[in-house]
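Step one of this worksheet: look at the structure below.
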Amino acid sequence: ADFDKSYQFGNVLTVPRQHRTISSKRTLSDRKATFSKPVFWHIVVEGLKKLGWTVKLGNRPNDWYLCPPGVIGGERKFRPRVDFFDSAPLVRECLETDDRYCNQTEIVSLLEQAKECNARYLKLKAMGKQRPKFQSDEELVAYLKGQNDQTLD
């Protein structure tokens, strides 16, 4: 009986997937949004590291995995893209919608800071050739953290 139920949609095995609990805060526009690379790595990832998260490098040069405290990427009991993450948009979506993280005060304030800095980054980018030059991403992020919204309007 279970076998027939699993194959009810043709020759494709359909097994119900376990989904993480998603809060009601999710919106379509937020799901598509992502942070700029400097904001993601120097604000979001660095902030998560202070909260006990780790970054594991994969086998290929650009592979990375962001693991919450207690999660070891690559172990069979932990599932990729559910328990640990390998893309910036997925990290943001998870932090904003997954009940394990979206209600933690530290993560909420970290995301607010990242959103503000990302908005400032986009304003800087829109300035074209008139925008200030920075020697490194660290210098850019320090500038973004220290800016008032009025300065870039």
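Letters A, B, ... mark the chains of the structure tokens in the order given; residue numbers begin at 1 per chain; ligand numbers begin at 1, in order shown.
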Exercise for the section: List every residue of region 17-121 of chain A that DSSP, applied to the backbone, labels as helix (DSSP H, G or I), and write the result as a ChimeraX atom specification. Expected result: /A:28-32,37-50,88-97,105-121
Keeping only C-alpha atoms, write the selected residues to a file as a compact mmCIF listing (two decimals), in the first residue's frame.
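Dumped everything to result.txt:
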# COMPACT_ATOMS: atom_id res chain seq x y z
CA LEU A 28 8.39 37.26 -2.00
CA SER A 29 10.46 40.43 -2.46
CA ASP A 30 12.60 39.63 0.59
CA ARG A 31 13.26 36.09 -0.66
CA LYS A 32 14.76 37.38 -3.91
CA LYS A 37 29.51 40.64 -1.48
CA PRO A 38 31.39 42.98 0.93
CA VAL A 39 28.31 43.41 3.14
CA PHE A 40 27.62 39.66 3.20
CA TRP A 41 31.18 38.58 4.06
CA HIS A 42 32.26 41.43 6.33
CA ILE A 43 29.02 42.08 8.20
CA VAL A 44 26.79 39.01 8.02
CA VAL A 45 29.41 36.24 8.08
CA GLU A 46 31.70 38.03 10.57
CA GLY A 47 28.69 38.72 12.81
CA LEU A 48 27.59 35.08 12.63
CA LYS A 49 31.12 33.93 13.48
CA LYS A 50 30.90 36.00 16.69
CA ALA A 88 24.40 34.05 0.37
CA PRO A 89 20.72 34.37 -0.67
CA LEU A 90 19.91 31.12 1.12
CA VAL A 91 21.69 32.30 4.27
CA ARG A 92 19.68 35.52 4.25
CA GLU A 93 16.38 33.73 3.60
CA CYS A 94 17.07 31.25 6.38
CA LEU A 95 18.07 33.94 8.90
CA GLU A 96 14.94 35.94 8.10
CA THR A 97 12.39 33.12 7.96
CA THR A 105 17.80 39.37 18.91
CA GLU A 106 21.46 39.24 17.84
CA ILE A 107 20.58 37.92 14.38
CA VAL A 108 17.74 40.43 13.90
CA SER A 109 20.06 43.35 14.72
CA LEU A 110 22.82 41.87 12.54
CA LEU A 111 20.41 41.68 9.58
CA GLU A 112 19.19 45.24 10.20
CA GLN A 113 22.77 46.51 10.16
CA ALA A 114 23.49 44.54 6.97
CA LYS A 115 20.35 45.91 5.28
CA GLU A 116 21.26 49.50 6.19
CA CYS A 117 24.84 49.05 4.96
CA ASN A 118 23.63 47.37 1.78
CA ALA A 119 21.29 50.30 1.06
CA ARG A 120 24.23 52.68 1.56
CA TYR A 121 26.37 50.49 -0.70
Practice task
Mind giving me the straight-line distance from CA of Gly58 (chain A) to CA of Val141 (chain A) in Å, one decimal?
Solution key: 26.0 Å
Exercise for the section: With a distance cut-off of 12 Å and only C-alpha atoms, select the neighbouring residues of Pro132 (chain A), excluding the residue or stretch itself and same-chain residues fewer than 6 positions from it, and output the selection as a list in words. Expected result: Tyr121, Lys123, Leu124, Lys125, Ala126, Glu139, Leu140, Tyr143, Leu144 and Leu152 of chain A
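Between Asn62 (chain A) and the residues A:Arg100, A:Glu75, A:Ser87, A:Arg81, the shortest atom-to-atom distance, using only C-alpha atoms, involves A:Ser87.
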